[in-house]
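Raw contents of start27.txt, compact mmCIF, C-alpha atoms:
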```txt
# COMPACT_ATOMS: atom_id res chain seq x y z
CA MET A 219 88.30 92.88 71.90
CA VAL A 220 91.03 90.92 70.12
CA ASN A 221 90.72 92.43 66.71
CA ALA A 222 93.59 90.98 64.71
CA SER A 223 93.41 87.52 63.27
CA PRO A 224 96.04 86.72 60.69
CA GLU A 225 97.28 83.21 59.94
CA GLY A 226 95.03 80.62 61.59
CA ALA A 227 97.47 78.44 63.51
CA ASP A 228 99.37 81.43 64.85
CA THR A 229 96.13 82.99 66.02
CA ASP A 230 95.39 80.02 68.22
CA VAL A 231 98.91 79.89 69.59
CA ILE A 232 99.01 83.59 70.39
CA LEU A 233 95.60 83.59 72.00
CA GLN A 234 96.55 80.58 74.02
CA LEU A 235 99.76 82.26 75.21
CA LEU A 236 97.95 85.47 76.13
CA GLY A 237 95.43 83.35 78.02
CA GLN A 238 98.26 81.97 80.14
CA VAL A 239 99.28 85.40 81.45
CA SER A 240 97.36 86.14 84.61
CA ASP A 241 96.72 89.30 86.58
CA PRO A 242 99.29 89.10 89.41
CA GLU A 243 96.82 90.65 91.86
CA VAL A 244 93.80 88.57 90.85
CA PRO A 245 95.45 85.36 89.67
CA VAL A 246 92.20 83.66 88.60
CA LEU A 247 91.86 86.16 85.75
CA SER A 248 93.92 86.04 82.59
CA ILE A 249 94.70 89.31 80.86
CA LEU A 250 92.19 88.26 78.17
CA ASP A 251 89.47 87.83 80.81
CA LEU A 252 90.33 91.29 82.14
CA GLY A 253 90.05 92.88 78.72
CA ILE A 254 93.35 94.73 78.90
CA VAL A 255 94.72 93.20 75.69
CA ARG A 256 93.46 95.66 73.09
CA SER A 257 94.95 94.09 69.98
CA TRP A 258 97.85 92.05 68.73
CA ARG A 259 99.35 91.21 65.41
CA LYS A 260 102.04 89.01 63.97
CA ASP A 261 104.08 89.69 60.90
CA GLU A 262 107.54 88.83 59.61
CA ASN A 263 109.09 91.14 62.22
CA GLY A 264 107.51 89.39 65.19
CA VAL A 265 104.53 89.84 67.47
CA GLU A 266 103.12 93.09 68.78
CA VAL A 267 100.74 93.09 71.74
CA VAL A 268 98.88 96.27 72.73
CA ILE A 269 97.69 96.55 76.31
CA THR A 270 95.95 99.26 78.33
CA PRO A 271 96.18 99.89 82.09
CA THR A 272 93.23 99.27 84.38
CA TYR A 273 94.04 102.03 86.90
CA SER A 274 96.66 104.63 86.03
CA GLY A 275 98.74 103.82 89.10
CA CYS A 276 98.27 100.06 88.89
CA PRO A 277 101.60 98.52 89.91
CA ALA A 278 100.62 95.25 88.21
CA MET A 279 101.13 96.72 84.73
CA ASP A 280 104.91 96.39 84.77
CA THR A 281 104.63 92.81 85.99
CA ILE A 282 102.04 92.00 83.34
CA GLU A 283 104.29 93.35 80.61
CA ALA A 284 107.23 91.30 81.92
CA ASP A 285 105.02 88.20 82.16
CA ILE A 286 103.87 88.60 78.55
CA ARG A 287 107.51 88.81 77.45
CA LYS A 288 108.49 85.77 79.46
CA THR A 289 105.56 83.68 78.21
CA PHE A 290 106.23 84.47 74.55
CA LEU A 291 109.97 84.05 74.89
CA GLU A 292 109.53 80.62 76.42
CA ALA A 293 107.23 79.67 73.53
CA GLY A 294 109.96 80.64 71.08
CA PHE A 295 108.79 84.10 69.99
CA LEU A 296 112.02 86.06 70.08
CA HIS A 297 110.75 89.33 68.67
CA LEU A 298 108.01 90.76 70.78
CA GLU A 299 106.81 94.32 71.21
CA VAL A 300 104.49 95.22 74.09
CA ARG A 301 102.92 98.64 73.69
CA THR A 302 100.70 100.50 76.19
CA VAL A 303 97.86 102.74 75.03
CA LEU A 304 95.59 104.98 77.15
CA ASP A 305 92.83 105.70 74.67
CA PRO A 306 90.13 104.40 74.80
CA PRO A 307 90.38 104.05 78.58
CA TRP A 308 89.86 100.63 80.09
CA THR A 309 86.43 99.92 81.47
CA THR A 310 85.15 97.00 83.53
CA ASP A 311 82.63 96.45 80.69
CA TRP A 312 85.49 94.83 78.78
CA MET A 313 85.77 92.03 81.30
CA SER A 314 84.57 88.78 79.76
CA GLU A 315 81.51 86.95 81.12
CA GLU A 316 83.77 84.01 81.79
CA GLY A 317 86.07 86.31 83.74
CA LYS A 318 83.17 87.59 85.83
CA GLU A 319 82.15 84.02 86.65
CA LYS A 320 85.73 83.17 87.66
CA LEU A 321 85.81 86.21 89.95
CA ARG A 322 82.56 85.21 91.62
CA ALA A 323 83.81 81.67 92.18
CA TYR A 324 87.00 83.14 93.67
CA GLY A 325 84.93 85.16 96.19
CA ILE A 326 85.20 88.59 94.56
CA ALA A 327 81.97 90.23 93.42
CA PRO A 328 82.35 91.04 89.72
CA PRO A 329 81.67 94.55 88.41
CA GLU A 330 77.99 95.19 87.84
CA SER A 331 76.65 98.10 85.93
CA GLY A 332 73.19 99.28 85.15
CA SER A 333 71.28 97.56 87.95
CA ALA A 334 69.45 99.63 90.52
CA ASP A 335 71.93 102.50 90.52
CA LYS A 336 71.80 104.97 93.37
CA ARG A 337 72.69 108.55 92.61
CA THR A 338 75.56 110.00 94.63
CA LEU A 339 77.24 113.39 94.82
CA PHE A 340 79.57 112.77 91.87
CA GLY A 341 77.79 110.07 89.90
CA LYS A 342 76.15 106.75 90.55
CA GLU A 343 76.74 103.78 92.81
CA GLU A 344 75.83 100.23 91.85
CA ALA A 345 73.85 97.69 93.86
CA VAL A 346 76.32 94.89 94.53
CA ARG A 347 75.48 91.22 94.93
CA CYS A 348 77.25 89.14 97.62
CA PRO A 349 79.48 86.55 95.86
CA HIS A 350 78.83 84.05 98.68
CA CYS A 351 75.05 84.04 99.20
CA ARG A 352 73.96 86.20 96.23
CA SER A 353 72.07 88.60 98.46
CA LEU A 354 71.66 92.21 97.32
CA GLN A 355 71.48 93.33 100.95
CA THR A 356 75.06 94.52 101.02
CA GLU A 357 76.77 97.67 102.23
CA VAL A 358 79.95 99.52 101.35
CA VAL A 359 82.65 99.43 103.99
CA SER A 360 85.02 101.45 101.83
CA MET A 361 85.19 102.26 98.14
CA PHE A 362 88.93 101.56 98.33
CA GLY A 363 90.14 98.03 98.96
CA SER A 364 93.15 95.76 98.89
CA THR A 365 94.10 96.86 95.36
CA ALA A 366 93.26 99.89 93.23
CA CYS A 367 90.50 98.01 91.39
CA LYS A 368 88.57 96.75 94.41
CA ALA A 369 86.15 98.08 97.02
CA LEU A 370 85.32 96.57 100.43
CA TYR A 371 81.77 95.42 101.04
CA ARG A 372 79.88 93.55 103.73
CA CYS A 373 76.86 91.29 103.26
CA LYS A 374 74.01 92.05 105.65
CA ASP A 375 72.49 88.59 105.16
CA CYS A 376 75.40 86.16 105.45
CA LEU A 377 77.51 88.77 107.30
CA GLU A 378 80.61 87.95 105.27
CA PRO A 379 82.92 90.74 104.18
CA PHE A 380 83.94 90.59 100.52
CA ASP A 381 85.86 92.41 97.79
CA TYR A 382 84.01 94.01 94.92
CA PHE A 383 85.72 94.66 91.59
CA LYS A 384 84.46 98.19 91.18
CA CYS A 385 83.14 99.68 87.98
CA ILE A 386 85.14 102.25 86.11
CA MET B 163 109.24 131.53 76.88
CA GLU B 164 108.65 127.86 77.51
CA ASN B 165 106.24 126.08 75.20
CA PRO B 166 102.76 126.76 76.70
CA LEU B 167 101.61 123.14 76.32
CA LEU B 168 104.66 121.90 78.19
CA SER B 169 104.16 124.48 80.91
CA TYR B 170 100.50 123.48 81.32
CA THR B 171 101.29 119.75 81.27
CA LEU B 172 103.82 120.28 84.05
CA PHE B 173 101.28 122.28 86.07
CA LEU B 174 98.85 119.35 85.91
CA ALA B 175 101.59 116.79 86.52
CA ASP B 176 103.03 118.59 89.54
CA ASN B 177 99.61 118.95 91.18
CA SER B 178 99.15 115.20 90.93
CA LEU B 179 102.68 114.35 91.98
CA ILE B 180 102.73 116.57 95.08
CA THR B 181 99.19 115.57 96.09
CA GLY B 182 100.16 111.90 95.81
CA GLN B 183 103.35 112.46 97.80
CA ARG B 184 101.52 114.27 100.63
CA LEU B 185 98.70 111.74 100.84
CA SER B 186 101.14 108.84 100.91
CA GLU B 187 102.38 110.16 104.27
CA TRP B 188 99.21 108.66 105.73
CA CYS B 189 100.24 105.18 104.69
CA GLY B 190 100.47 103.20 107.93
CA HIS B 191 99.12 106.15 109.97
CA GLY B 192 95.42 106.25 109.04
CA PRO B 193 92.92 106.43 111.91
CA ILE B 194 91.42 103.06 110.97
CA LEU B 195 92.62 100.37 108.61
CA GLU B 196 89.99 100.95 105.90
CA GLN B 197 90.81 104.65 105.69
CA ASP B 198 94.52 103.99 105.71
CA ILE B 199 93.95 101.74 102.69
CA ALA B 200 91.66 104.29 101.06
CA LEU B 201 94.24 107.07 101.28
CA SER B 202 97.06 104.83 100.06
CA ASN B 203 94.90 103.90 97.06
CA ILE B 204 94.05 107.52 96.35
CA ALA B 205 97.71 108.51 96.67
CA LEU B 206 98.58 105.78 94.18
CA ASP B 207 95.99 107.05 91.69
CA HIS B 208 97.48 110.55 91.90
CA LEU B 209 100.95 109.15 91.39
CA GLY B 210 99.76 107.12 88.39
CA GLN B 211 98.20 110.22 86.87
CA ALA B 212 101.37 112.18 87.58
CA ARG B 213 103.39 109.54 85.74
CA MET B 214 101.21 109.75 82.61
CA LEU B 215 101.50 113.54 82.63
CA LEU B 216 105.24 113.56 83.36
CA GLN B 217 105.83 111.06 80.56
CA TYR B 218 103.98 113.39 78.25
CA ALA B 219 105.96 116.40 79.50
CA ALA B 220 109.24 114.49 79.06
CA GLU B 221 108.24 113.60 75.51
CA GLN B 222 107.61 117.28 74.76
CA LYS B 223 110.84 118.36 76.42
CA GLY B 224 112.94 115.79 74.55
CA GLU B 225 116.73 115.94 75.05
CA GLY B 226 116.97 112.96 77.35
CA TRP B 227 114.27 114.08 79.80
CA THR B 228 112.32 111.28 81.46
CA GLU B 229 109.46 111.16 83.96
CA ASP B 230 111.95 110.28 86.71
CA ARG B 231 114.29 113.12 85.89
CA LEU B 232 111.35 115.54 85.97
CA ALA B 233 110.17 114.24 89.32
CA TYR B 234 113.51 113.85 91.06
CA PHE B 235 115.93 116.29 89.51
CA ARG B 236 114.02 119.54 89.29
CA ASP B 237 114.39 122.09 92.08
CA GLU B 238 111.65 123.84 93.99
CA LYS B 239 111.41 126.90 91.75
CA ASN B 240 110.70 124.68 88.73
CA PHE B 241 107.68 122.98 90.28
CA ARG B 242 104.33 124.54 89.26
CA ASN B 243 101.96 122.85 91.71
CA LEU B 244 99.26 124.76 93.55
CA LEU B 245 100.34 125.83 97.03
CA MET B 246 97.46 123.95 98.63
CA THR B 247 98.82 120.60 97.48
CA GLU B 248 102.14 121.03 99.30
CA LEU B 249 100.78 122.08 102.73
CA PRO B 250 101.58 119.59 105.52
CA LYS B 251 98.99 116.90 106.00
CA GLY B 252 97.68 118.22 109.35
CA ASP B 253 95.09 116.26 111.29
CA TRP B 254 92.48 113.98 109.74
CA GLY B 255 89.96 116.79 109.32
CA TYR B 256 92.54 118.97 107.59
CA THR B 257 93.52 116.17 105.21
CA VAL B 258 89.88 115.47 104.43
CA MET B 259 88.99 119.14 103.86
CA ARG B 260 92.02 119.74 101.65
CA ALA B 261 91.19 116.59 99.68
CA PHE B 262 87.59 117.74 99.26
CA LEU B 263 88.44 121.26 98.05
CA TYR B 264 91.08 119.93 95.68
CA ASP B 265 89.26 116.79 94.46
CA THR B 266 86.17 118.82 93.56
CA TYR B 267 88.36 121.19 91.56
CA HIS B 268 90.26 118.29 90.00
CA PHE B 269 86.97 116.59 89.08
CA TYR B 270 85.71 119.59 87.09
CA GLU B 271 89.13 120.35 85.65
CA MET B 272 89.50 116.82 84.25
CA THR B 273 85.86 116.74 83.14
CA SER B 274 86.61 119.85 81.05
CA LEU B 275 89.81 118.29 79.71
CA LEU B 276 87.74 115.43 78.26
CA GLN B 277 86.96 117.98 75.52
CA SER B 278 90.55 119.09 75.02
CA LYS B 279 91.78 119.38 71.45
CA ASP B 280 95.09 117.89 72.60
CA LYS B 281 94.82 114.16 72.01
CA GLN B 282 97.15 113.04 74.79
CA LEU B 283 95.71 115.36 77.46
CA ARG B 284 92.28 114.09 76.49
CA ALA B 285 93.39 110.46 76.76
CA ILE B 286 94.90 111.09 80.20
CA ALA B 287 91.75 112.90 81.35
CA GLN B 288 89.58 110.00 80.16
CA LYS B 289 91.65 107.65 82.25
CA ALA B 290 91.92 109.93 85.29
CA ILE B 291 88.30 111.04 85.57
CA LYS B 292 87.14 107.51 86.40
CA GLU B 293 89.45 107.52 89.42
CA ILE B 294 88.82 111.11 90.47
CA ARG B 295 85.08 110.49 90.72
CA TYR B 296 85.83 108.02 93.51
CA HIS B 297 88.21 110.45 95.23
CA ALA B 298 85.70 113.30 95.14
CA GLN B 299 82.93 111.09 96.47
CA TRP B 300 85.14 109.83 99.28
CA SER B 301 86.32 113.25 100.47
CA ALA B 302 82.85 114.85 100.19
CA GLU B 303 81.38 112.06 102.32
CA TRP B 304 84.05 112.62 104.97
CA VAL B 305 83.46 116.37 105.04
CA ILE B 306 79.76 115.71 105.65
CA ARG B 307 80.52 113.04 108.26
CA LEU B 308 82.86 115.30 110.23
CA GLY B 309 80.99 118.57 109.69
CA ASP B 310 77.68 117.07 110.71
CA GLY B 311 79.32 114.83 113.31
CA THR B 312 80.26 115.66 116.89
CA GLU B 313 80.92 119.09 118.35
CA GLU B 314 84.65 118.32 118.29
CA SER B 315 84.72 117.07 114.68
CA HIS B 316 82.62 120.05 113.57
CA GLN B 317 84.96 122.56 115.22
CA ARG B 318 88.07 120.97 113.82
CA ILE B 319 86.91 120.64 110.25
CA LYS B 320 85.53 124.16 110.37
CA ARG B 321 88.96 125.41 111.44
CA SER B 322 90.54 123.50 108.53
CA LEU B 323 88.07 125.04 106.10
CA VAL B 324 88.93 128.55 107.26
CA GLU B 325 92.68 127.87 107.14
CA LEU B 326 92.55 126.32 103.67
CA TRP B 327 90.15 128.77 102.04
CA PRO B 328 92.78 131.41 101.11
CA PHE B 329 94.53 128.72 99.05
CA THR B 330 91.51 128.10 96.80
CA GLY B 331 91.86 131.33 94.80
CA GLU B 332 94.94 129.96 93.09
CA PHE B 333 92.91 127.09 91.60
CA PHE B 334 91.33 129.42 89.08
CA GLU B 335 94.23 131.69 88.17
CA THR B 336 95.27 131.57 84.57
CA ASP B 337 98.66 132.60 83.33
CA GLU B 338 99.50 133.59 79.78
CA ALA B 339 100.22 130.00 78.74
CA ALA B 340 96.91 128.68 80.06
CA SER B 341 94.76 131.41 78.54
CA GLY B 342 96.44 130.95 75.15
CA LEU B 343 95.77 127.22 75.37
CA ASN B 344 92.18 127.91 76.35
CA ALA B 345 91.71 130.01 73.22
CA ASN B 346 93.00 127.04 71.19
CA GLY B 347 90.62 124.60 72.87
CA ILE B 348 93.45 122.73 74.61
CA ALA B 349 93.05 123.94 78.21
CA PRO B 350 89.64 124.48 79.82
CA SER B 351 88.12 127.76 80.93
CA TYR B 352 88.95 128.10 84.62
CA THR B 353 86.17 130.66 85.00
CA HIS B 354 83.71 127.95 84.05
CA ILE B 355 85.38 125.45 86.40
CA ARG B 356 85.08 128.02 89.19
CA THR B 357 81.31 128.26 88.71
CA GLN B 358 80.91 124.48 88.86
CA TRP B 359 83.28 124.19 91.83
CA ASN B 360 81.44 126.90 93.78
CA ALA B 361 78.09 125.19 93.30
CA LYS B 362 79.32 121.74 94.39
CA VAL B 363 81.32 123.09 97.34
CA GLU B 364 78.29 125.02 98.57
CA GLU B 365 76.07 121.94 98.19
CA VAL B 366 78.43 119.73 100.22
CA LEU B 367 79.23 122.36 102.87
CA ALA B 368 75.51 122.87 103.44
CA LEU B 369 75.07 119.12 103.96
CA ALA B 370 78.01 119.25 106.37
CA THR B 371 76.40 122.17 108.28
CA LEU B 372 79.42 124.30 107.49
CA GLU B 373 79.45 127.85 106.27
CA ARG B 374 81.37 128.79 103.16
CA PRO B 375 84.02 131.34 104.14
CA ALA B 376 83.94 134.70 102.40
CA ASP B 377 86.47 135.18 99.60
CA GLY B 378 89.15 137.50 100.89
CA TRP B 379 92.84 137.85 100.15
CA MET B 380 94.09 134.77 98.35
CA GLN B 381 97.50 133.07 98.37
CA SER B 382 99.31 132.82 95.07
CA GLY B 383 102.65 131.83 93.56
CA GLY B 384 102.77 128.05 93.09
CA ARG B 385 102.56 128.02 89.33
CA LYS B 386 105.35 130.60 89.13
CA GLY B 387 107.57 128.46 91.37
CA ALA B 388 107.21 130.65 94.49
CA HIS B 389 106.37 127.98 97.06
CA THR B 390 105.62 127.84 100.77
CA GLU B 391 108.27 126.99 103.34
CA HIS B 392 106.95 123.40 103.36
CA MET B 393 107.85 122.55 99.78
CA GLY B 394 111.60 122.18 100.29
CA TYR B 395 111.11 119.58 103.02
CA LEU B 396 108.65 117.65 100.88
CA LEU B 397 111.07 117.60 97.94
CA ALA B 398 114.01 116.66 100.17
CA GLU B 399 112.12 113.59 101.32
CA MET B 400 110.83 112.72 97.85
CA GLN B 401 114.10 113.27 96.00
CA HIS B 402 116.90 112.33 98.34
CA ILE B 403 117.29 108.67 97.31
CA PRO B 404 117.58 109.27 93.55
CA ARG B 405 119.84 112.27 94.19
CA SER B 406 122.08 110.32 96.56
CA TYR B 407 122.34 107.41 94.12
CA PRO B 408 121.69 109.05 90.76
CA ASP B 409 122.43 106.06 88.56
CA ALA B 410 120.97 103.39 90.79
CA GLN B 411 119.01 100.64 89.06
CA TRP B 412 116.54 98.18 90.53
```

Please go through the file and, once you have read it, give me the structure as structure tokens.
Amino acid sequence: MVNASPEGADTDVILQLLGQVSDPEVPVLSILDLGIVRSWRKDENGVEVVITPTYSGCPAMDTIEADIRKTFLEAGFLHLEVRTVLDPPWTTDWMSEEGKEKLRAYGIAPPESGSADKRTLFGKEEAVRCPHCRSLQTEVVSMFGSTACKALYRCKDCLEPFDYFKCI
Amino acid sequence: MENPLLSYTLFLADNSLITGQRLSEWCGHGPILEQDIALSNIALDHLGQARMLLQYAAEQKGEGWTEDRLAYFRDEKNFRNLLMTELPKGDWGYTVMRAFLYDTYHFYEMTSLLQSKDKQLRAIAQKAIKEIRYHAQWSAEWVIRLGDGTEESHQRIKRSLVELWPFTGEFFETDEAASGLNANGIAPSYTHIRTQWNAKVEEVLALATLERPADGWMQSGGRKGAHTEHMGYLLAEMQHIPRSYPDAQW
């Protein structure tokens, strides 16, 4: 995912700074965990960070961009360019394994693809595991949840409602 | 004549913008909390897609145009959206049926645009299609639920279907700009989209125990800027703050 790696020390610093910027709507995830940082580079003119939106209407994108600026400015990087690209489009497959584990621990079922898909009218629907009791006996309450990236589910075993970070 | 690509980009942008604006009227008024949230999310997706398209249109237009200026400072006759998107939201069944007819169309339109030779339209379609699949699934499920539901829900959604049908012909019209772009591989073939749309609509209506209305006289005019009497009110509500305070900053 992070495909630039110039001077060693800077690489660590920049990665560390990017790792400090969290998703304002899911604060346990950093933007690196989410996979929205597509690339970055540093040269004599400063640092450029390229990000991509999760959902096209996601209101967190502006905040994320501002947070990246603030974090780098505070660390002494005065020249920073944050660029947004659409292509290739973000997919939940870019979320790191560590990120998925953090989501689960936070009580949000991480995106799952490929397991026991059910066919629907316009595509497929995934079998979702309850983040609390790990049961697969879950049902959709609504495919639209508290933010653009989440769906509402209910566990039929432990009866707890939960958020699911839906696949796109 | 206006650049055909710009004209087509604005057609796509305005459909998303006006659809998002209409759906957002349900925010806080949905019949149950989950559906209120669903419609607000869907409205937000449309608005996000409208922004990407309006940014692209503004870039093509140049001369100081921005996405905001295109959304807030154009008048009715310069909007190209399909008439169906601007109709008042009606009752729940009407909203659901309109969403279904439009989402199914939008799904196949954006699926076709994944092959567009225009790089930016293709990138936007790649982004949008992931969201539209969820919209189309949601509205189709509601059509089935209401159509195959109670006597009352069946009657009401059937009435909505009949009222909305004459607005579906406009989906597949192509003007000079669009057919030129189709020949260049930039815009899709709307004849092909119509075939796909017909098949899916018939499949879902059958599941909903509803009969597909016969194609009769069809409404037209949106893409030429000849709108219904509802459009002016919608724009007044959408545009009055930026027009009252044109240089306001957050």

Taking a cut-off of 8 Å and counting all atoms listed in the file, can you build a table that, for each residue of chain A near chain B, reports the nearest atom pair and how far apart they are in Å (one decimal), sorted by chain then residue number, as a Markdown table?
```
| residue | atom | partner | partner_atom | distance |
| --- | --- | --- | --- | --- |
| A:Tyr273 | CA | B:Asp207 | CA | 7.2 |
| A:Ser274 | CA | B:Gly210 | CA | 4.6 |
| A:Gly275 | CA | B:Gly210 | CA | 3.5 |
| A:Cys276 | CA | B:Gly210 | CA | 7.2 |
| A:Leu304 | CA | B:Ala285 | CA | 5.9 |
| A:Asp305 | CA | B:Ala285 | CA | 5.2 |
| A:Pro306 | CA | B:Ala285 | CA | 7.2 |
| A:Pro307 | CA | B:Lys289 | CA | 5.3 |
| A:Trp308 | CA | B:Lys289 | CA | 7.6 |
| A:Thr338 | CA | B:Gln299 | CA | 7.7 |
| A:Leu339 | CA | B:Gln299 | CA | 6.4 |
| A:Phe340 | CA | B:Gln299 | CA | 5.9 |
| A:Gly341 | CA | B:Arg295 | CA | 7.3 |
| A:Val359 | CA | B:Glu196 | CA | 7.7 |
| A:Ser360 | CA | B:Glu196 | CA | 6.4 |
| A:Met361 | CA | B:Ala200 | CA | 7.4 |
| A:Phe362 | CA | B:Ala200 | CA | 4.7 |
| A:Gly363 | CA | B:Ile199 | CA | 6.5 |
| A:Ser364 | CA | B:Ile199 | CA | 7.1 |
| A:Thr365 | CA | B:Asn203 | CA | 7.3 |
| A:Ala366 | CA | B:Asn203 | CA | 5.8 |
| A:Ile386 | CA | B:Lys292 | CA | 5.6 |
```

Which is closest to B:Gln317 among B:Glu332, B:Glu164, B:Glu364, B:Glu373, if we use all atoms listed in the file? B:Glu373

One number please: atom CA of A:Val358 to atom CA of B:Thr181, in Å, one decimal.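 Answer for the atom CA of A:Val358 to atom CA of B:Thr181 separation: 25.6 Å.
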
To one decimal in Å, tell me the separation between atom CA of A:Phe383 and atom CA of A:Thr310.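 According to the coordinates, atom CA of A:Phe383 and atom CA of A:Thr310 are separated by 8.4 Å.
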
Determine, counting all atoms listed in the file, which protein, DNA and RNA residues have an atom within 9 Å of an atom of stretch 400-407 of chain B; residues of the same chain fewer than 3 positions away are not included. Present the result as a PyMOL selection string. chain B and resi 183+230+233-235+395-397+410

Atomic distance atom CA of B:Gln222 - atom CA of B:Leu283, expressed in Å with one decimal: 12.4 Å

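By chain and then residue number, the residues within 12 Å of B:Leu372 are Met259, Val305, Ile306, Arg307, Leu308, Gly309, Asp310, Gly311, Ser315, His316, Gln317, Arg318, Ile319, Lys320, Arg321, Ser322, Leu323, Val324, Val363, Glu364, Glu365 and Val366 of chain B, counting only C-alpha atoms and disregarding those fewer than 6 positions away in sequence.
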
Would you list the contacts of A:Thr289 as a list of chain:residue names, taking every protein, DNA or RNA residue within 12 Å and counting all atoms listed in the file, but skipping same-chain residues closer than 4 positions in sequence?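 Residues meeting the cut-off are A:Val231, A:Ile232, A:Leu233, A:Gln234, A:Leu235, A:Leu236, A:Gly237, A:Gln238, A:Val239, A:Ser240, A:Ile282, A:Glu283, A:Ala284, A:Asp285, A:Ala293, A:Gly294, A:Phe295, A:Leu296, A:Leu298.
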
Exercise: residues within 9 Å of coordinate (90.3, 119.7, 101.9), counting only C-alpha atoms, as a list in words: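 Every residue inside that radius is included here: Met246, Gly255, Tyr256, Thr257, Val258, Met259, Arg260, Ala261, Phe262, Leu263, Tyr264, Asp265, Ser301, Val305, Ser322, Leu323 and Leu326 of chain B.
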